Each structure stands twice: as structure tokens, then as C-alpha cells.
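Pasted below: my_file_15.txt, compact mmCIF, C-alpha atoms.
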```txt
# COMPACT_ATOMS: atom_id res chain seq x y z
CA MET A 1 7.45 -13.71 -11.05
CA MET A 2 9.16 -12.24 -8.00
CA ARG A 3 7.64 -13.31 -4.73
CA PRO A 4 5.72 -10.52 -2.85
CA ARG A 5 8.03 -10.71 0.17
CA ALA A 6 11.02 -10.18 -2.09
CA VAL A 7 9.36 -7.21 -3.78
CA LEU A 8 8.57 -5.63 -0.43
CA LEU A 9 12.14 -6.12 0.73
CA ARG A 10 13.54 -4.67 -2.47
CA LEU A 11 11.26 -1.64 -2.27
CA ALA A 12 12.19 -1.08 1.37
CA VAL A 13 15.88 -1.12 0.47
CA LEU A 14 15.38 1.22 -2.47
CA GLY A 15 13.29 3.54 -0.34
CA SER A 16 15.95 3.65 2.34
CA VAL A 17 18.69 4.37 -0.19
CA ALA A 18 16.64 7.12 -1.84
CA ALA A 19 15.85 8.71 1.51
CA GLY A 20 19.32 8.44 2.97
CA GLY A 21 21.54 8.86 -0.10
CA CYS A 22 24.33 6.63 -1.32
CA SER A 23 26.22 6.61 1.94
CA THR A 24 25.45 7.10 5.60
CA THR A 25 27.27 8.57 8.55
CA SER A 26 26.62 8.46 12.27
CA ASN A 27 25.36 12.05 12.12
CA GLU A 28 22.66 11.38 9.51
CA LYS A 29 19.07 10.75 10.48
CA ILE A 30 17.92 7.16 10.44
CA VAL A 31 14.77 6.61 8.37
CA PRO A 32 11.96 5.36 10.64
CA PRO A 33 10.89 1.78 9.96
CA GLN A 34 7.80 0.91 7.97
CA THR A 35 5.10 -0.24 10.42
CA VAL A 36 2.20 -1.57 8.37
CA GLU A 37 -0.48 -3.08 10.58
CA MET A 38 -1.96 -5.58 8.15
CA ASP A 39 -2.01 -9.33 8.43
CA ALA A 40 0.34 -11.23 6.13
CA GLU A 41 -2.34 -12.65 3.85
CA THR A 42 -4.05 -9.28 3.36
CA LEU A 43 -0.72 -7.62 2.61
CA ARG A 44 0.13 -10.42 0.19
CA LYS A 45 -3.12 -9.84 -1.72
CA PHE A 46 -2.41 -6.13 -2.01
CA GLN A 47 1.16 -6.73 -3.15
CA HIS A 48 -0.05 -9.26 -5.72
CA GLU A 49 -2.48 -6.78 -7.26
CA ILE A 50 0.21 -4.09 -7.41
CA GLU A 51 2.64 -6.54 -9.04
CA GLU A 52 -0.02 -7.53 -11.59
CA TYR A 53 -0.52 -3.88 -12.48
CA VAL A 54 3.21 -3.20 -12.84
CA GLU A 55 3.52 -6.22 -15.15
CA LEU A 56 0.59 -4.96 -17.23
CA ARG A 57 2.23 -1.56 -17.40
CA GLN A 58 5.52 -3.06 -18.57
CA SER A 59 3.75 -4.94 -21.36
CA VAL A 60 2.04 -1.70 -22.44
CA LEU A 61 5.36 0.16 -22.54
CA LYS A 62 6.73 -2.40 -24.99
CA GLN A 63 3.95 -1.56 -27.43
CA ILE A 64 4.38 2.23 -27.60
CA PRO A 65 7.25 4.36 -28.94
CA PRO A 66 9.98 4.66 -26.28
CA ILE A 67 11.55 7.88 -25.12
CA ASP A 68 15.07 8.72 -23.97
CA ALA A 69 17.22 11.69 -22.96
CA LYS A 70 17.19 12.96 -26.56
CA SER A 71 13.40 12.89 -26.92
CA THR A 72 11.70 16.19 -27.70
CA PRO A 73 8.92 17.61 -25.51
CA ALA A 74 6.44 16.67 -28.22
CA GLN A 75 7.68 13.07 -28.24
CA ILE A 76 7.50 12.88 -24.45
CA GLU A 77 3.96 14.24 -24.49
CA ALA A 78 2.94 11.74 -27.18
CA HIS A 79 4.52 8.90 -25.20
CA GLN A 80 2.61 9.83 -22.06
CA LYS A 81 -0.65 10.16 -23.97
CA SER A 82 -0.15 6.76 -25.60
CA LEU A 83 0.65 5.17 -22.23
CA THR A 84 -2.46 6.71 -20.66
CA GLN A 85 -4.76 5.58 -23.46
CA ALA A 86 -3.29 2.08 -23.53
CA ILE A 87 -3.60 1.58 -19.76
CA MET A 88 -7.20 2.78 -19.82
CA ALA A 89 -7.95 0.40 -22.69
CA TYR A 90 -6.27 -2.59 -21.05
CA ARG A 91 -8.06 -1.89 -17.76
CA LYS A 92 -11.46 -1.35 -19.33
CA GLY A 93 -14.02 -2.82 -16.97
CA ALA A 94 -11.82 -2.37 -13.86
CA LYS A 95 -13.84 -1.45 -10.79
CA ARG A 96 -13.35 -0.13 -7.30
CA GLY A 97 -11.91 -2.77 -5.01
CA ASP A 98 -9.92 -4.63 -7.65
CA ILE A 99 -6.69 -3.48 -5.96
CA PHE A 100 -8.03 -2.21 -2.64
CA LYS A 101 -9.85 -5.47 -1.96
CA PRO A 102 -12.38 -5.41 0.94
CA GLU A 103 -9.94 -6.75 3.53
CA VAL A 104 -7.21 -4.39 2.31
CA GLU A 105 -9.61 -1.45 2.40
CA ALA A 106 -10.70 -2.36 5.93
CA ALA A 107 -7.07 -2.48 7.12
CA VAL A 108 -6.26 0.86 5.49
CA ARG A 109 -9.36 2.45 7.03
CA ARG A 110 -8.37 1.21 10.49
CA THR A 111 -4.88 2.61 10.07
CA LEU A 112 -6.00 6.02 8.85
CA TYR A 113 -8.76 6.26 11.49
CA ARG A 114 -6.22 5.61 14.23
CA GLU A 115 -3.73 8.12 12.83
CA PHE A 116 -6.32 10.86 12.37
CA ALA A 117 -7.62 10.26 15.90
CA SER A 118 -4.11 10.56 17.39
CA PRO A 119 -2.68 13.74 18.93
CA GLU A 120 -1.03 14.42 15.54
CA GLY A 121 -4.34 14.08 13.71
CA ALA A 122 -5.06 17.80 13.37
CA ALA A 123 -1.64 18.41 11.81
CA LEU A 124 -2.13 15.50 9.41
CA LEU A 125 -5.49 16.87 8.26
CA LYS A 126 -3.92 20.29 7.72
CA ASP A 127 -1.18 18.74 5.58
CA ILE A 128 -3.67 16.75 3.52
CA LYS A 129 -5.48 19.94 2.52
CA GLN A 130 -2.30 21.27 0.89
CA GLY A 131 -2.60 20.63 -2.82
CA ASN A 132 -5.81 18.64 -2.40
CA PRO A 133 -7.61 19.23 -5.71
CA LYS A 134 -11.01 19.33 -4.03
CA VAL A 135 -9.73 22.22 -1.91
CA GLU A 136 -7.24 23.97 -4.19
CA GLY A 137 -9.36 23.48 -7.29
CA ASN A 138 -12.66 24.74 -5.89
CA PRO A 139 -12.34 28.46 -5.14
CA ILE A 140 -15.16 30.34 -3.49
CA PRO A 141 -17.30 31.90 -6.24
CA ARG A 142 -17.14 35.26 -4.45
CA ASP A 143 -13.34 35.34 -4.86
CA PRO A 144 -12.56 35.71 -8.60
CA SER A 145 -8.86 36.17 -7.81
CA LYS A 146 -8.49 32.46 -7.12
CA GLU A 147 -7.45 30.32 -10.07
CA VAL A 148 -9.93 27.64 -11.03
CA LYS A 149 -8.00 24.41 -11.52
CA PRO A 150 -9.14 21.28 -13.38
CA ALA A 151 -11.58 19.14 -11.45
CA VAL A 152 -10.47 15.61 -10.57
CA THR A 153 -13.08 12.91 -11.02
CA ILE A 154 -12.73 10.15 -8.43
CA ALA A 155 -13.33 6.98 -10.42
CA VAL A 156 -11.41 3.87 -11.42
CA ASN A 157 -9.62 4.39 -14.75
CA ALA A 158 -10.36 8.12 -14.65
CA LEU A 159 -7.72 10.58 -15.84
CA TYR A 160 -6.02 12.75 -13.24
CA PRO A 161 -5.50 16.03 -15.17
CA ASP A 162 -1.87 17.04 -15.69
CA SER A 163 -2.50 20.55 -14.42
CA ALA A 164 -4.49 19.55 -11.34
CA PRO A 165 -2.72 19.96 -7.98
CA PHE A 166 -1.44 17.02 -5.93
CA SER A 167 -2.22 16.60 -2.26
CA SER A 168 0.42 16.25 0.38
CA VAL A 169 0.72 12.75 1.85
CA PRO A 170 2.44 13.13 5.23
CA PRO A 171 5.51 10.87 5.64
CA THR A 172 4.14 9.55 8.92
CA LEU A 173 1.12 8.19 7.06
CA LEU A 174 3.27 6.67 4.32
CA LEU A 175 5.16 4.74 6.99
CA LYS A 176 1.86 3.13 8.05
CA LEU A 177 0.75 2.16 4.54
CA PRO A 178 2.13 -0.64 2.35
CA LEU A 179 5.13 0.35 0.24
CA LEU A 180 4.52 1.06 -3.42
CA PRO A 181 6.78 0.78 -6.48
CA GLU A 182 7.83 4.02 -8.15
CA GLN A 183 5.15 3.65 -10.83
CA VAL A 184 2.31 4.09 -8.32
CA ARG A 185 1.61 6.63 -5.58
CA TYR A 186 -0.98 7.32 -2.89
CA ARG A 187 -2.77 10.66 -3.09
CA PHE A 188 -5.75 12.26 -1.40
CA VAL A 189 -8.54 13.71 -3.53
CA GLY A 190 -11.15 15.31 -1.34
CA ARG A 191 -11.71 12.78 1.45
CA ALA A 192 -10.71 9.79 -0.66
CA LEU A 193 -7.40 7.96 -0.84
CA ILE A 194 -6.46 7.07 -4.41
CA LEU A 195 -3.80 5.04 -6.18
CA ARG A 196 -2.41 6.95 -9.16
CA ASP A 197 -0.05 5.93 -11.94
CA THR A 198 2.75 8.48 -11.68
CA GLU A 199 3.33 8.86 -15.43
CA ALA A 200 0.07 7.89 -17.05
CA ASN A 201 -1.99 9.95 -14.56
CA VAL A 202 -4.64 7.25 -14.30
CA ILE A 203 -6.56 6.58 -11.08
CA LEU A 204 -6.17 2.85 -10.51
CA ASP A 205 -8.36 2.44 -7.43
CA TYR A 206 -9.62 4.45 -4.47
CA ILE A 207 -11.15 4.27 -1.00
CA PRO A 208 -13.84 6.89 -0.36
CA ASP A 209 -14.40 8.86 2.84
CA VAL A 210 -11.22 7.99 4.71
CA VAL A 211 -10.52 11.60 5.77
CA PRO A 212 -12.73 12.63 8.74
CA ASP A 213 -12.89 16.33 7.89
CA PRO A 214 -16.27 17.65 6.72
CA SER A 215 -14.62 20.91 5.62
CA ILE A 216 -13.02 19.00 2.73
CA PRO A 217 -15.44 18.38 -0.17
CA ARG A 218 -16.04 14.78 -1.18
```
Rewritten as C-alpha cells:
Amino acid sequence: MMRPRAVLLRLAVLGSVAAGGCSTTSNEKIVPPQTVEMDAETLRKFQHEIEEYVELRQSVLKQIPPIDAKSTPAQIEAHQKSLTQAIMAYRKGAKRGDIFKPEVEAAVRRTLYREFASPEGAALLKDIKQGNPKVEGNPIPRDPSKEVKPAVTIAVNALYPDSAPFSSVPPTLLLKLPLLPEQVRYRFVGRALILRDTEANVILDYIPDVVPDPSIPR
């Protein structure tokens, strides 16, 4: 198994390449550095849990029909459905805090609290409302012109509906949070921060009430 430090370094390099392109010039913007304020042992625990999940996911992929560039839409849909069902089955019994362990959750809460309390906090909260399914998917009953979108249940191993909107996660916040592999992403649902499998649309873990905005439904 690859050591956590090596994984973090590899992800940082990949992230920099993806953000900056294949080549750089003196006129291009330099990607700001990742500044995660989390002690080494806490970060190691988080990385370990993410690595364990990615390994589980890879083992699941070996057991379902693969897809490629020639796959039909129906085959792609069937592949995604099989992946979703298999991950849910393999993670049966998973609970909140399995990935966001207490010390990891505490560190993330401190980081988000500080960022939301900063001079840029109001702008961050405004960004987080964009695409937030608890905001976009809950129109006022008096306004029938608004489209009712699928509700997102905040629970470990819950399905994030394909047609539900995705919240914006400001880049400045991403720079303060631990890097993630491409298979997993942070999202905000209501006031909670979730970890979501990007293809299987499964909520892997979450931290409730990290967004200090009472105008956003829980």
C-alpha cells in the first residue's frame, strides 16, 4: 500500500498539473499552496480512511462489467447503478465518523469556523448557497414556477440523486481542506459538509452544522 505522505504528494502534483495545464509560463497564475491546518497524525488517519475506501472501490470495480469509450448510454447507466449498489452493500453498517473521525471532524470544524468568520466569510456563504440542494431543491410553496428538485437525504451510505443540484465549494475552502483523490469530493448539503463518491453518487460520510447560516435549511 502506498504511504499516506506519498499519496498526498501525488495528489498535490496531479492537482497542480490539472489546474495549470501541461506546461507553465512566467505569465500564468501560480496555484496557491494547500494550507491544511491539521496535525500530522490526524491528517494521517483521514488519509488512511480515504485510501481504504479507494481500495474498496477498486475491488468493487473488478466485479462489475467494465465500460469504455464504445459503451452505450444504457451500458454506462447499468455500470453506474451496479457500482452504486455494490458500494452500498460493501459499506453496509458504515456510520457517521468512520471517515471523519472525531479528531478529523474537530479540525475541519475549526478550519471552516475560522474561514466563515473571516472578512471573506459572507462571500463564501453566498457561494455555498449556489447549487445547494437544500436551497435549490426547496422552492417556496407560494412560487409554483420554481422547479422542485429531488431531495438529498444526509446520511451515511445514502444515495445522492443524479438529478439533484451540487453546491459550490469555493476554491479558497478547498485549499484549507485535505486533498482528495478524484473518486471523492467535498460538497455542502444544507449546512452539512459531505464526502461523495463522484461516480456512484453515494454519501460516504458527513459533518453536520458546519455552515453558520440559519437561512440555509439543515
Residues near Ala89 in chain A, anyone? I mean within 12 Å using all atoms listed in the file, not counting same-chain ones fewer than 5 positions away, as a list in words.
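Using all atoms listed in the file, the neighbours found are Leu56, Arg57, Val60, Ser82, Leu83, Thr84, Ala94, Asn157, Ala158 and Val202 of chain A.
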Can those selected residues be exported to a file as an mmCIF file, in the frame of the given file so that it contains C-alpha atoms?
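As written to disk, result.cif reads:
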```
data_model
loop_
_atom_site.group_PDB
_atom_site.id
_atom_site.type_symbol
_atom_site.label_atom_id
_atom_site.label_comp_id
_atom_site.auth_asym_id
_atom_site.auth_seq_id
_atom_site.Cartn_x
_atom_site.Cartn_y
_atom_site.Cartn_z
ATOM 1 C CA LEU A 56 0.590 -4.960 -17.230
ATOM 2 C CA ARG A 57 2.230 -1.560 -17.400
ATOM 3 C CA VAL A 60 2.040 -1.700 -22.440
ATOM 4 C CA SER A 82 -0.150 6.760 -25.600
ATOM 5 C CA LEU A 83 0.650 5.170 -22.230
ATOM 6 C CA THR A 84 -2.460 6.710 -20.660
ATOM 7 C CA ALA A 94 -11.820 -2.370 -13.860
ATOM 8 C CA ASN A 157 -9.620 4.390 -14.750
ATOM 9 C CA ALA A 158 -10.360 8.120 -14.650
ATOM 10 C CA VAL A 202 -4.640 7.250 -14.300
#
```
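The coordinates place CA of Leu125 in chain A at 10.7 Å from CA of Phe188 in chain A.
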Could you work out how far CA of Leu193 in chain A lies from CA of Tyr206 in chain A, giving the answer in Å with one decimal?
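Separation of CA of Tyr206 in chain A and CA of Leu193 in chain A: 5.5 Å.
Closest to Asn132 in chain A among A:Pro150, A:Gly97, A:Gly190, A:Pro212 is A:Gly190, based on all atoms listed in the file.
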Counting all atoms listed in the file, which residue out of A:Leu175, A:Val156, A:Ala107, A:Val169 sits closest to Ala40 in chain A?
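For Ala40 in chain A, the nearest of the candidates is A:Ala107.
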What is the distance between CA of Glu182 in chain A and CA of Glu52 in chain A, in Å to one decimal?
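CA of Glu182 in chain A sits 14.4 Å away from CA of Glu52 in chain A.
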Report the centre and edge lengths, in Å to one decimal, of an axis-aligned box enclosing every atom of range 181-194 of chain A listed in the file, padded by 3 Å on each side, as AutoDock Vina command-line options.
```
--center_x -1.9 --center_y 8.0 --center_z -4.7 --size_x 25.5 --size_y 20.5 --size_z 18.3
```
Top pick for closest residue to Glu41 in chain A, considering A:Gly93, A:Gln63, A:Glu103, A:Arg191 and counting all atoms listed in the file
A:Glu103
Quick one: of A:Leu204, A:Gly121, A:Gly131, A:Ile99, who's nearest to Ile154 in chain A, counting all atoms listed in the file?
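Checking each of A:Leu204, A:Gly121, A:Gly131, A:Ile99 against Ile154 in chain A, counting all atoms listed in the file, the winner is A:Leu204.
Shell of Ile207 in chain A at 7 Å, with only C-alpha atoms counted and residues fewer than 6 places along the chain excluded, is Glu105, Ala192, Leu193 and Ile194 of chain A.
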Contact residues around Leu159 in chain A with all atoms listed in the file at 12 Å, ignoring same-chain residues under 3 positions, as number ranges by chain:
A: 81, 83-85, 87-88, 150-156, 162-164, 195-205
Between A:Pro217, A:Thr72, A:Lys45, A:Pro170, which is the closest to Phe116 in chain A once you count all atoms listed in the file?
A:Pro170
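Nearest residue to Leu112 in chain A, choosing from A:Ile216, A:Leu173, A:Ile64, A:Ala78 and counting all atoms listed in the file: A:Leu173.
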